[in-house]
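Chemist: Compact mmCIF, C-alpha atoms, saved as data39.txt, coming up:
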# COMPACT_ATOMS: atom_id res chain seq x y z
CA MET A 1394 0.00 0.00 0.00
CA LYS A 1395 1.58 3.31 -1.09
CA MET A 1396 0.61 6.94 -1.10
CA LYS A 1397 1.39 9.06 -4.12
CA GLY A 1398 4.50 11.06 -3.33
CA SER A 1399 5.90 8.44 -0.96
CA ASP A 1400 8.27 5.60 -1.81
CA ASN A 1401 7.72 3.51 1.27
CA TRP A 1402 4.32 4.11 2.80
CA LYS A 1403 3.37 1.72 5.54
CA LYS A 1404 0.71 1.68 8.23
CA PRO A 1405 2.11 1.85 11.77
CA ASP A 1406 1.24 -1.19 13.84
CA ASP A 1407 -2.18 -0.91 15.54
CA CYS A 1408 -2.26 2.86 15.00
CA ILE A 1409 -5.24 5.01 14.20
CA VAL A 1410 -5.42 8.26 12.27
CA SER A 1411 -7.25 11.11 13.98
CA SER A 1412 -9.05 13.59 11.74
CA GLU A 1413 -9.37 16.52 14.15
CA TYR A 1414 -6.78 18.36 16.21
CA TRP A 1415 -8.48 21.71 16.75
CA ASN A 1416 -8.19 22.67 20.43
CA THR A 1417 -8.30 19.06 21.64
CA PHE A 1418 -5.99 20.15 24.46
CA TRP A 1419 -9.14 21.22 26.37
CA ASN A 1420 -10.95 17.91 26.04
CA ASN A 1421 -9.89 14.75 24.17
CA GLN A 1422 -6.20 15.21 24.76
CA GLN A 1423 -6.26 15.44 28.53
CA LEU A 1424 -8.93 12.74 28.88
CA PHE A 1425 -7.01 10.24 26.76
CA ASN A 1426 -3.69 11.05 28.42
CA LEU A 1427 -5.21 10.32 31.81
CA MET A 1428 -7.65 7.47 31.20
CA ALA A 1429 -6.79 5.89 27.84
CA PRO A 1430 -3.07 6.50 27.26
CA GLU A 1431 -2.94 3.78 24.62
CA ILE A 1432 -5.17 6.00 22.43
CA SER A 1433 -2.89 8.98 22.96
CA SER A 1434 0.03 6.80 21.96
CA GLN A 1435 -1.72 5.65 18.79
CA TRP A 1436 -2.71 9.22 18.01
CA ALA A 1437 0.87 10.51 18.36
CA ARG A 1438 2.53 7.61 16.56
CA SER A 1439 0.07 7.82 13.69
CA ALA A 1440 0.78 11.52 13.23
CA ILE A 1441 4.53 10.93 13.33
CA GLN A 1442 4.21 8.10 10.82
CA LEU A 1443 2.29 10.38 8.47
CA TYR A 1444 5.18 12.84 8.70
CA GLN A 1445 7.73 10.12 8.04
CA ASN A 1446 5.75 8.88 5.04
CA SER A 1447 5.14 12.24 3.42
CA GLY A 1448 7.57 14.73 4.93
CA TRP A 1449 4.81 16.79 6.55
CA PHE A 1450 2.56 16.80 9.58
CA ASN A 1451 -1.05 17.88 9.15
CA THR A 1452 -3.90 19.40 11.08
CA ASP A 1453 -6.65 17.10 9.77
CA PRO A 1454 -5.49 14.02 7.89
CA ALA A 1455 -8.48 12.53 6.08
CA GLY A 1456 -8.17 9.23 4.28
CA ILE A 1457 -4.46 9.49 5.11
CA GLU A 1458 -4.19 12.53 2.85
CA HIS A 1459 -3.17 16.08 3.67
CA THR A 1460 -6.19 18.38 3.76
CA GLY A 1461 -5.29 21.56 5.66
CA VAL A 1462 -8.95 21.84 6.63
CA MET A 1463 -8.61 23.33 10.11
CA VAL A 1464 -6.40 26.00 11.59
CA ALA A 1465 -3.09 25.87 13.45
CA MET A 1466 -0.58 23.10 14.19
CA HIS A 1467 -2.02 21.58 17.35
CA PRO A 1468 -0.47 18.14 16.77
CA ILE A 1469 2.43 19.79 18.62
CA SER A 1470 0.28 19.98 21.73
CA GLN A 1471 -1.09 16.47 21.35
CA ILE A 1472 2.32 14.87 20.96
CA LEU A 1473 3.97 16.91 23.71
CA GLY A 1474 1.01 16.49 26.07
CA ALA A 1475 1.23 12.73 25.67
CA TRP A 1476 4.99 12.78 26.26
CA GLN A 1477 4.62 14.88 29.39
CA SER A 1478 2.01 12.42 30.63
CA GLY A 1479 4.60 9.66 30.52
CA ILE A 1480 3.46 8.22 27.18
CA ARG A 1481 6.85 7.90 25.56
CA ASP A 1482 6.71 4.99 23.14
CA PHE A 1483 7.56 7.21 20.17
CA ASP A 1484 10.55 9.29 19.04
CA LEU A 1485 10.19 12.87 20.25
CA ASN A 1486 13.24 14.02 18.28
CA ILE A 1487 11.69 12.89 14.99
CA ALA A 1488 8.44 14.57 15.95
CA TYR A 1489 10.26 17.78 16.84
CA ASP A 1490 12.09 17.95 13.51
CA GLY A 1491 8.83 17.65 11.60
CA LEU A 1492 6.89 20.05 13.82
CA ARG A 1493 9.65 22.64 13.63
CA LYS A 1494 9.46 22.37 9.85
CA MET A 1495 5.72 23.00 10.04
CA MET A 1496 6.17 26.20 12.07
CA THR A 1497 8.96 27.64 9.89
CA THR A 1498 8.17 26.56 6.30
CA PRO A 1499 5.65 28.31 4.02
CA PRO A 1500 2.59 26.26 3.04
CA GLN A 1501 2.49 24.67 -0.39
CA LYS A 1502 0.66 22.20 -2.59
CA TYR A 1503 1.52 18.57 -2.01
CA GLU A 1504 2.30 16.36 -4.98
CA GLY A 1505 0.38 13.48 -3.40
CA GLY A 1506 -2.76 15.62 -3.23
CA GLY A 1507 -4.02 18.34 -0.94
CA THR A 1508 -2.00 21.08 0.72
CA VAL A 1509 0.68 21.04 3.38
CA GLY A 1510 2.02 23.60 5.81
CA VAL A 1511 0.46 26.14 8.16
CA GLU A 1512 -1.92 28.35 6.22
CA ASN A 1513 -1.13 31.90 7.40
CA LEU A 1514 2.42 31.29 8.60
CA VAL A 1515 4.12 33.72 6.21
CA PRO A 1516 2.33 36.91 7.37
CA TYR A 1517 2.52 35.66 10.96
CA MET A 1518 6.31 35.43 10.79
CA LYS A 1519 6.65 38.70 8.86
CA TYR A 1520 4.49 40.91 11.06
CA GLY A 1521 4.38 39.06 14.37
CA TYR A 1522 0.61 38.79 13.89
CA ILE A 1523 -1.74 38.10 11.01
CA PRO A 1524 -3.02 41.40 9.60
CA ALA A 1525 -6.61 41.80 8.50
CA GLY A 1526 -6.80 41.00 4.81
CA LYS A 1527 -3.74 38.77 4.85
CA GLY A 1528 -5.25 35.77 6.59
CA THR A 1529 -7.39 34.81 9.55
CA VAL A 1530 -6.62 37.20 12.40
CA SER A 1531 -7.46 34.67 15.12
CA ASN A 1532 -4.78 32.32 13.83
CA THR A 1533 -2.34 34.65 15.57
CA MET A 1534 -3.67 33.32 18.87
CA GLU A 1535 -3.58 29.70 17.71
CA TYR A 1536 -0.04 29.94 16.33
CA ALA A 1537 1.26 31.66 19.47
CA TYR A 1538 0.11 28.69 21.53
CA ASP A 1539 1.71 26.30 19.04
CA ASP A 1540 4.95 28.28 19.28
CA TRP A 1541 4.90 27.99 23.05
CA CYS A 1542 4.34 24.22 22.89
CA LEU A 1543 7.16 23.85 20.39
CA GLY A 1544 9.39 25.94 22.64
CA GLN A 1545 8.59 23.67 25.56
CA MET A 1546 9.45 20.65 23.42
CA ALA A 1547 12.74 22.28 22.38
CA LYS A 1548 13.58 22.94 26.02
CA ILE A 1549 12.92 19.31 26.95
CA LEU A 1550 15.21 18.19 24.12
CA GLY A 1551 17.98 20.62 25.13
CA LYS A 1552 17.61 22.87 22.08
CA SER A 1553 18.18 26.18 23.85
CA ASP A 1554 18.31 28.43 20.77
CA ASP A 1555 15.04 27.01 19.46
CA PHE A 1556 13.46 27.35 22.87
CA LYS A 1557 14.31 31.05 22.90
CA LEU A 1558 13.03 31.53 19.32
CA PHE A 1559 9.66 29.90 19.83
CA ASP A 1560 9.16 31.16 23.36
CA GLU A 1561 9.56 34.73 22.09
CA ARG A 1562 7.16 34.05 19.23
CA SER A 1563 4.62 32.70 21.72
CA ASN A 1564 4.04 36.31 22.86
CA ASN A 1565 2.81 37.36 19.41
CA TRP A 1566 -0.80 37.21 20.60
CA SER A 1567 -0.14 40.38 22.61
CA ASN A 1568 0.51 42.31 19.38
CA LEU A 1569 -3.26 42.23 18.82
CA PHE A 1570 -4.23 43.20 22.35
CA ASP A 1571 -5.90 46.58 22.70
CA PRO A 1572 -5.33 47.88 26.25
CA ASN A 1573 -8.15 50.40 25.99
CA SER A 1574 -10.92 47.96 25.14
CA GLY A 1575 -9.25 44.95 26.74
CA PHE A 1576 -9.99 42.87 23.64
CA ILE A 1577 -8.00 41.12 20.97
CA ARG A 1578 -8.79 43.01 17.78
CA PRO A 1579 -7.63 43.13 14.15
CA LYS A 1580 -4.81 45.34 12.91
CA ASP A 1581 -3.84 46.14 9.36
CA GLU A 1582 -0.36 45.46 7.97
CA HIS A 1583 0.81 48.91 9.10
CA GLY A 1584 -0.06 48.26 12.73
CA ASN A 1585 -3.24 50.33 12.79
CA TRP A 1586 -6.39 49.09 14.50
CA VAL A 1587 -9.15 48.18 12.07
CA GLU A 1588 -12.15 50.48 12.55
CA PRO A 1589 -14.94 50.25 13.45
CA PHE A 1590 -14.52 47.49 16.01
CA ASP A 1591 -17.30 45.35 17.45
CA PRO A 1592 -16.15 42.39 19.59
CA TYR A 1593 -19.17 40.40 18.43
CA HIS A 1594 -19.21 41.08 14.70
CA THR A 1595 -15.85 42.36 13.43
CA PRO A 1596 -14.66 39.62 11.05
CA GLY A 1597 -11.38 37.72 11.14
CA PHE A 1598 -12.05 35.00 13.72
CA THR A 1599 -12.46 31.29 12.94
CA GLU A 1600 -15.92 30.08 14.00
CA GLY A 1601 -16.07 32.76 16.64
CA ASN A 1602 -15.52 36.43 17.31
CA ALA A 1603 -13.14 38.79 19.10
CA PHE A 1604 -15.01 38.22 22.37
CA ASN A 1605 -14.36 34.46 22.19
CA TYR A 1606 -10.73 34.77 21.16
CA SER A 1607 -9.85 37.44 23.71
CA TRP A 1608 -9.70 34.63 26.30
CA PHE A 1609 -7.47 32.45 24.11
CA VAL A 1610 -4.03 32.44 25.69
CA PRO A 1611 -3.81 28.89 27.09
CA HIS A 1612 -0.07 29.12 27.69
CA ASN A 1613 -0.07 32.41 29.61
CA PRO A 1614 -3.42 33.28 31.21
CA ASP A 1615 -1.58 35.15 33.96
CA LYS A 1616 -0.24 37.68 31.45
CA LEU A 1617 -3.63 38.02 29.78
CA ILE A 1618 -5.35 38.72 33.10
CA GLY A 1619 -2.66 41.23 34.03
CA MET A 1620 -3.07 43.10 30.73
CA ILE A 1621 -6.86 43.23 30.97
CA GLY A 1622 -6.81 43.95 34.71
CA LYS A 1623 -8.04 41.41 37.24
CA ASP A 1624 -11.24 43.21 38.21
CA ARG A 1625 -12.23 43.96 34.61
CA PHE A 1626 -11.33 40.39 33.64
CA ILE A 1627 -13.49 38.77 36.35
CA GLY A 1628 -16.38 41.20 35.87
CA ARG A 1629 -16.45 40.86 32.09
CA LEU A 1630 -16.14 37.07 32.10
CA ASP A 1631 -18.76 36.64 34.84
CA LYS A 1632 -21.20 38.87 32.96
CA ALA A 1633 -20.51 36.98 29.74
CA MET A 1634 -21.28 33.71 31.49
CA GLU A 1635 -24.55 35.16 32.79
CA GLN A 1636 -25.55 36.32 29.32
CA SER A 1637 -24.61 33.02 27.72
CA ALA A 1638 -26.41 30.99 30.38
CA HIS A 1639 -29.70 32.38 29.08
CA ALA A 1640 -28.97 30.48 25.86
CA ASN A 1641 -27.70 27.41 27.68
CA PHE A 1642 -24.16 28.28 26.57
CA ASN A 1643 -24.88 27.33 22.98
CA ALA A 1644 -25.16 29.60 19.95
CA ALA A 1645 -27.82 27.97 17.82
CA GLY A 1646 -26.65 26.47 14.54
CA ASP A 1647 -23.53 28.06 13.11
CA ASN A 1648 -24.21 31.54 14.50
CA PHE A 1649 -20.99 31.44 16.49
CA SER A 1650 -21.02 35.18 17.23
CA ALA A 1651 -24.49 35.20 18.81
CA PHE A 1652 -23.19 35.04 22.39
CA PRO A 1653 -19.93 35.92 24.15
CA ILE A 1654 -19.49 32.32 25.33
CA ASN A 1655 -20.46 29.38 23.13
CA HIS A 1656 -19.64 26.11 24.85
CA GLY A 1657 -20.83 24.27 21.75
CA ASN A 1658 -17.62 24.99 19.84
CA GLU A 1659 -13.89 24.70 20.39
CA THR A 1660 -13.15 28.38 20.93
CA SER A 1661 -14.93 28.60 24.31
CA MET A 1662 -14.13 25.32 26.04
CA GLU A 1663 -11.71 26.81 28.56
CA VAL A 1664 -13.45 29.96 29.74
CA ALA A 1665 -15.06 28.66 32.95
CA TYR A 1666 -11.63 27.61 34.21
CA LEU A 1667 -10.08 31.04 33.71
CA PHE A 1668 -11.59 32.25 36.99
CA ASN A 1669 -9.12 29.92 38.72
CA TRP A 1670 -6.28 31.98 37.29
CA ALA A 1671 -7.89 35.28 38.29
CA GLY A 1672 -8.17 34.37 41.98
CA ALA A 1673 -11.88 33.51 41.86
CA PRO A 1674 -12.00 29.69 41.91
CA HIS A 1675 -15.54 29.70 43.28
CA LEU A 1676 -16.68 31.13 39.95
CA THR A 1677 -14.93 28.34 38.08
CA GLN A 1678 -16.80 25.87 40.29
CA LYS A 1679 -20.11 27.70 39.81
CA TRP A 1680 -19.96 28.05 36.04
CA MET A 1681 -18.35 24.72 35.31
CA ARG A 1682 -21.26 23.01 37.10
CA ALA A 1683 -23.78 25.32 35.39
CA ILE A 1684 -22.49 24.35 31.96
CA GLN A 1685 -22.78 20.68 32.82
CA GLU A 1686 -26.32 21.03 34.09
CA GLN A 1687 -27.75 23.53 31.60
CA TYR A 1688 -25.96 22.64 28.41
CA TYR A 1689 -25.70 18.86 28.50
CA GLY A 1690 -28.89 16.80 28.25
CA THR A 1691 -29.80 13.20 28.96
CA THR A 1692 -31.38 11.98 25.71
CA PRO A 1693 -29.98 11.12 22.26
CA TYR A 1694 -31.36 14.46 21.07
CA ASP A 1695 -29.75 16.84 23.54
CA ALA A 1696 -26.82 15.02 25.14
CA TYR A 1697 -24.35 17.46 23.63
CA PRO A 1698 -26.06 19.75 21.12
CA GLY A 1699 -22.84 21.47 20.03
CA ASP A 1700 -20.00 20.37 17.79
CA GLU A 1701 -19.02 16.99 19.23
CA ASP A 1702 -16.04 16.74 16.81
CA LEU A 1703 -14.91 13.19 17.60
CA GLY A 1704 -15.54 13.49 21.31
CA GLN A 1705 -14.65 17.02 22.37
CA MET A 1706 -17.96 17.80 24.10
CA SER A 1707 -18.18 14.51 25.96
CA SER A 1708 -14.47 14.54 26.87
CA TRP A 1709 -14.85 17.99 28.42
CA PHE A 1710 -17.81 16.73 30.44
CA VAL A 1711 -15.92 13.72 31.80
CA MET A 1712 -12.90 15.79 32.85
CA SER A 1713 -15.12 18.43 34.43
CA ALA A 1714 -17.23 15.81 36.22
CA ILE A 1715 -14.11 14.50 37.95
CA GLY A 1716 -13.00 18.06 38.67
CA LEU A 1717 -9.72 18.25 36.74
CA PHE A 1718 -8.51 20.45 33.88
CA GLN A 1719 -5.33 21.48 32.07
CA MET A 1720 -5.44 24.93 30.52
CA GLU A 1721 -2.30 24.37 28.45
CA GLY A 1722 -2.95 20.75 27.55
CA GLY A 1723 -0.38 19.34 29.95
CA CYS A 1724 2.48 20.69 27.83
CA SER A 1725 4.38 22.64 30.51
CA GLU A 1726 7.85 21.57 31.55
CA LYS A 1727 6.20 20.56 34.83
CA PRO A 1728 2.54 19.93 33.92
CA PHE A 1729 -0.23 19.90 36.50
CA TYR A 1730 -3.99 19.64 36.90
CA GLU A 1731 -6.04 22.51 38.20
CA LEU A 1732 -9.08 21.75 40.33
CA ALA A 1733 -12.73 22.54 39.85
CA SER A 1734 -15.63 20.68 41.46
CA PRO A 1735 -15.85 16.86 41.37
CA ARG A 1736 -19.46 15.72 41.09
CA TYR A 1737 -19.03 12.57 43.16
CA PRO A 1738 -17.79 11.82 46.70
CA LYS A 1739 -15.26 9.31 45.38
CA ILE A 1740 -13.92 8.72 41.89
CA THR A 1741 -11.55 5.87 41.07
CA ILE A 1742 -9.73 5.84 37.75
CA ARG A 1743 -8.18 2.52 36.75
CA LEU A 1744 -4.67 3.05 35.47
CA ASP A 1745 -3.80 -0.67 35.38
CA GLY A 1746 -0.07 0.01 35.64
CA LYS A 1747 0.13 1.36 32.10
CA TYR A 1748 3.11 3.61 31.41
CA ASN A 1749 4.41 3.08 34.95
CA ARG A 1750 1.51 4.91 36.57
CA GLY A 1751 0.40 2.51 39.26
CA GLU A 1752 -2.97 0.81 39.45
CA THR A 1753 -5.52 3.47 40.47
CA PHE A 1754 -5.94 7.20 40.82
CA VAL A 1755 -8.50 8.16 43.47
CA ILE A 1756 -10.22 11.54 43.78
CA GLU A 1757 -12.16 12.09 47.00
CA ALA A 1758 -14.61 14.93 47.64
CA PRO A 1759 -16.49 13.62 50.70
CA ASN A 1760 -19.57 15.85 50.57
CA ALA A 1761 -19.86 16.43 46.83
CA SER A 1762 -23.40 16.55 45.45
CA LYS A 1763 -25.49 18.41 42.91
CA ASP A 1764 -25.97 21.28 45.35
CA ASN A 1765 -22.69 21.08 47.24
CA LYS A 1766 -20.29 22.17 44.52
CA TYR A 1767 -17.86 24.52 46.22
CA ILE A 1768 -14.49 23.47 47.57
Step by step, read the file and then write its structure as structure tokens.
Modeler:
Amino acid sequence: MKMKGSDNWKKPDDCIVSSEYWNTFWNNQQLFNLMAPEISSQWARSAIQLYQNSGWFNTDPAGIEHTGVMVAMHPISQILGAWQSGIRDFDLNIAYDGLRKMMTTPPQKYEGGGTVGVENLVPYMKYGYIPAGKGTVSNTMEYAYDDWCLGQMAKILGKSDDFKLFDERSNNWSNLFDPNSGFIRPKDEHGNWVEPFDPYHTPGFTEGNAFNYSWFVPHNPDKLIGMIGKDRFIGRLDKAMEQSAHANFNAAGDNFSAFPINHGNETSMEVAYLFNWAGAPHLTQKWMRAIQEQYYGTTPYDAYPGDEDLGQMSSWFVMSAIGLFQMEGGCSEKPFYELASPRYPKITIRLDGKYNRGETFVIEAPNASKDNKYI
């Protein structure tokens, strides 16, 4: 079995090919790393094999062909998150070489079909952000996170110069931060703000709006909160949650800009946990439970009415029900879980000794209940 453009295509043993990487670091990625590490391993090894076969990684391989359908290069996060979870049955150096290529090489057509490369990488590298009219503005936020993950990977591998390069690039999101409004907003190629600006309706944001993407700094929420101001951050986010709760946290259909928070799509999966970073963990506990109880249903028709995307909605629910979350996908040099509000007095996760983890992981919250949600 061969792919056009490859001399020695082969399927990796017992591997699967995932067809969606977009922002899985807030749902599938952390769930699999914790509870089904063998899936994370297959996911990573399959992506690496695709790179070895064709010379390129991809965001959404479909039919084992490069598509370039979705934004960003989040396989970096998936592979590094797995590695940092102790899932290390693949070659991180090979992965790094290919992922570095993805974040430094202009996109192009692929002779085997489809396109390869990161779509708006050229203006991103030239300007330090993606100007309006030269690509999707919100990809600036996505690429900055990818840069940070790649920098963390470089640091782990002892590549100090690369760590410095990508760590500096990971601050590019701040080039689109407007201190007056406290929002991420589009600029033109000359560095001027695009006028008029409406955080709900100004274009340039993938399946979302400026309001959604102004929370999108998974790798440095502390800096984001500091730039917005803690009080303004908490007040704005709490009000946004109140407004969105009236619509059960779901913008109907594809009207992604209808509400400031749309739990039904990838761009808003992290917002309830940001209160933890702003010194208001009780609001994380309040709103995380509210999303579970208002948004998710109990029938085949309303279980998760948003964009399930191969498990993202249900994975978020499982992680939130056990009270754990990783804002940055577990990709830090020293990764950790932040806490929310476990739904059950005792939760036992079977680890079965896989990847040297012991047999069980027990979470105890003695008085947890539907009504008793605060720690």
Chemist: Step by step: start from the point (1.9, 10.7, 27.6) in the file's coordinates, keep every protein, DNA or RNA residue that has an atom no farther than 12 Å from it, count only C-alpha atoms, and write the set as number ranges by chain.
Modeler: A: 1422-1438, 1470-1483, 1485, 1722-1724, 1728, 1747-1750
Chemist: With C-alpha atoms kept, could you save the residues just selected as an mmCIF file, in the coordinates of the input?
Modeler:
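Final output, result-v1.cif:
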data_model
loop_
_atom_site.group_PDB
_atom_site.id
_atom_site.type_symbol
_atom_site.label_atom_id
_atom_site.label_comp_id
_atom_site.auth_asym_id
_atom_site.auth_seq_id
_atom_site.Cartn_x
_atom_site.Cartn_y
_atom_site.Cartn_z
ATOM 1 C CA GLN A 1422 -6.200 15.210 24.760
ATOM 2 C CA GLN A 1423 -6.260 15.440 28.530
ATOM 3 C CA LEU A 1424 -8.930 12.740 28.880
ATOM 4 C CA PHE A 1425 -7.010 10.240 26.760
ATOM 5 C CA ASN A 1426 -3.690 11.050 28.420
ATOM 6 C CA LEU A 1427 -5.210 10.320 31.810
ATOM 7 C CA MET A 1428 -7.650 7.470 31.200
ATOM 8 C CA ALA A 1429 -6.790 5.890 27.840
ATOM 9 C CA PRO A 1430 -3.070 6.500 27.260
ATOM 10 C CA GLU A 1431 -2.940 3.780 24.620
ATOM 11 C CA ILE A 1432 -5.170 6.000 22.430
ATOM 12 C CA SER A 1433 -2.890 8.980 22.960
ATOM 13 C CA SER A 1434 0.030 6.800 21.960
ATOM 14 C CA GLN A 1435 -1.720 5.650 18.790
ATOM 15 C CA TRP A 1436 -2.710 9.220 18.010
ATOM 16 C CA ALA A 1437 0.870 10.510 18.360
ATOM 17 C CA ARG A 1438 2.530 7.610 16.560
ATOM 18 C CA SER A 1470 0.280 19.980 21.730
ATOM 19 C CA GLN A 1471 -1.090 16.470 21.350
ATOM 20 C CA ILE A 1472 2.320 14.870 20.960
ATOM 21 C CA LEU A 1473 3.970 16.910 23.710
ATOM 22 C CA GLY A 1474 1.010 16.490 26.070
ATOM 23 C CA ALA A 1475 1.230 12.730 25.670
ATOM 24 C CA TRP A 1476 4.990 12.780 26.260
ATOM 25 C CA GLN A 1477 4.620 14.880 29.390
ATOM 26 C CA SER A 1478 2.010 12.420 30.630
ATOM 27 C CA GLY A 1479 4.600 9.660 30.520
ATOM 28 C CA ILE A 1480 3.460 8.220 27.180
ATOM 29 C CA ARG A 1481 6.850 7.900 25.560
ATOM 30 C CA ASP A 1482 6.710 4.990 23.140
ATOM 31 C CA PHE A 1483 7.560 7.210 20.170
ATOM 32 C CA LEU A 1485 10.190 12.870 20.250
ATOM 33 C CA GLY A 1722 -2.950 20.750 27.550
ATOM 34 C CA GLY A 1723 -0.380 19.340 29.950
ATOM 35 C CA CYS A 1724 2.480 20.690 27.830
ATOM 36 C CA PRO A 1728 2.540 19.930 33.920
ATOM 37 C CA LYS A 1747 0.130 1.360 32.100
ATOM 38 C CA TYR A 1748 3.110 3.610 31.410
ATOM 39 C CA ASN A 1749 4.410 3.080 34.950
ATOM 40 C CA ARG A 1750 1.510 4.910 36.570
#
Chemist: Determine, counting only C-alpha atoms, which protein, DNA and RNA residues have an atom within 10 Å of an atom of A:Trp1586; residues of the same chain fewer than 4 positions away are not included. Present the result as a list in words.
Modeler: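 My list of contacting residues is Pro1524, Ala1525, Leu1569, Asp1571, Arg1578, Pro1579, Lys1580, Asp1581, Glu1582 and Phe1590 of chain A.
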Chemist: Work out how far apart atom CA of A:Lys1552 and atom CA of A:Lys1727 are and give it in Å to one decimal.
Modeler: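 It comes out at 17.3 Å.
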Chemist: Using all atoms listed in the file, can you tell me which of A:Asn1564, A:Thr1417, A:Gln1687, A:Thr1498 comes closest to A:Ala1640?
Modeler: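 For A:Ala1640, the nearest of the candidates is A:Gln1687.
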Chemist: With distances taken over all atoms listed in the file, which of A:Phe1609, A:Tyr1503, A:Tyr1730, A:Tyr1688 is nearest to A:Gly1716?
Modeler: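 Under the stated criterion, the closest residue is A:Tyr1730.
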Chemist: Which of these residues is nearest to A:Phe1668, using all atoms listed in the file: A:Val1587, A:Ile1621, A:Ala1733, A:Val1610?
Modeler: A:Ala1733
Chemist: With a distance cut-off of 9 Å and only C-alpha atoms, select the neighbouring residues of stretch 1633-1636 of chain A, excluding the residue or stretch itself and same-chain residues fewer than 6 positions from it, and output the selection as number ranges by chain.
Modeler: A: 1642, 1652-1654, 1664-1665, 1680
Chemist: Rounded to one decimal in Å, what is the spacing between atom CA of A:Ile1469 and atom CA of A:Ile1618?
Modeler: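 These atoms are spaced 25.1 Å apart.
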Chemist: Starting from the incomplete input, reconstruct N, CA and C atoms of stretch 1493-1510 of chain A and report them as a CSV table (one decimal), in the coordinates of the input.
Modeler:
chain,number,residue,atom,x,y,z
A,1493,ARG,N,8.9,21.4,13.9
A,1493,ARG,CA,9.6,22.6,13.6
A,1493,ARG,C,9.5,23.1,12.2
A,1494,LYS,N,9.6,22.1,11.3
A,1494,LYS,CA,9.5,22.4,9.8
A,1494,LYS,C,8.1,23.0,9.6
A,1495,MET,N,7.1,22.5,10.2
A,1495,MET,CA,5.7,23.0,10.0
A,1495,MET,C,5.6,24.5,10.5
A,1496,MET,N,6.3,24.8,11.5
A,1496,MET,CA,6.2,26.2,12.1
A,1496,MET,C,7.2,27.2,11.5
A,1497,THR,N,8.0,26.7,10.5
A,1497,THR,CA,9.0,27.6,9.9
A,1497,THR,C,9.0,27.6,8.4
A,1498,THR,N,8.2,26.7,7.8
A,1498,THR,CA,8.2,26.6,6.3
A,1498,THR,C,6.9,27.0,5.7
A,1499,PRO,N,6.9,27.8,4.6
A,1499,PRO,CA,5.6,28.3,4.0
A,1499,PRO,C,4.8,27.2,3.5
A,1500,PRO,N,3.5,27.3,3.5
A,1500,PRO,CA,2.6,26.3,3.0
A,1500,PRO,C,2.7,26.1,1.5
A,1501,GLN,N,2.4,25.0,1.0
A,1501,GLN,CA,2.5,24.7,-0.4
A,1501,GLN,C,1.6,23.5,-0.8
A,1502,LYS,N,1.4,23.3,-2.1
A,1502,LYS,CA,0.7,22.2,-2.6
A,1502,LYS,C,1.5,20.9,-2.4
A,1503,TYR,N,0.8,19.8,-2.2
A,1503,TYR,CA,1.5,18.6,-2.0
A,1503,TYR,C,1.3,17.7,-3.2
A,1504,GLU,N,2.4,17.1,-3.7
A,1504,GLU,CA,2.3,16.4,-5.0
A,1504,GLU,C,1.4,15.1,-4.8
A,1505,GLY,N,1.2,14.6,-3.6
A,1505,GLY,CA,0.4,13.5,-3.4
A,1505,GLY,C,-1.1,13.9,-3.3
A,1506,GLY,N,-1.4,15.2,-3.4
A,1506,GLY,CA,-2.8,15.6,-3.2
A,1506,GLY,C,-2.9,16.5,-2.0
A,1507,GLY,N,-3.8,17.5,-2.1
A,1507,GLY,CA,-4.0,18.3,-0.9
A,1507,GLY,C,-2.9,19.4,-0.8
A,1508,THR,N,-3.0,20.0,0.4
A,1508,THR,CA,-2.0,21.1,0.7
A,1508,THR,C,-1.3,20.7,2.0
A,1509,VAL,N,-0.1,21.3,2.2
A,1509,VAL,CA,0.7,21.0,3.4
A,1509,VAL,C,1.2,22.4,3.9
A,1510,GLY,N,1.5,22.4,5.2
A,1510,GLY,CA,2.0,23.6,5.8
A,1510,GLY,C,0.9,24.3,6.6
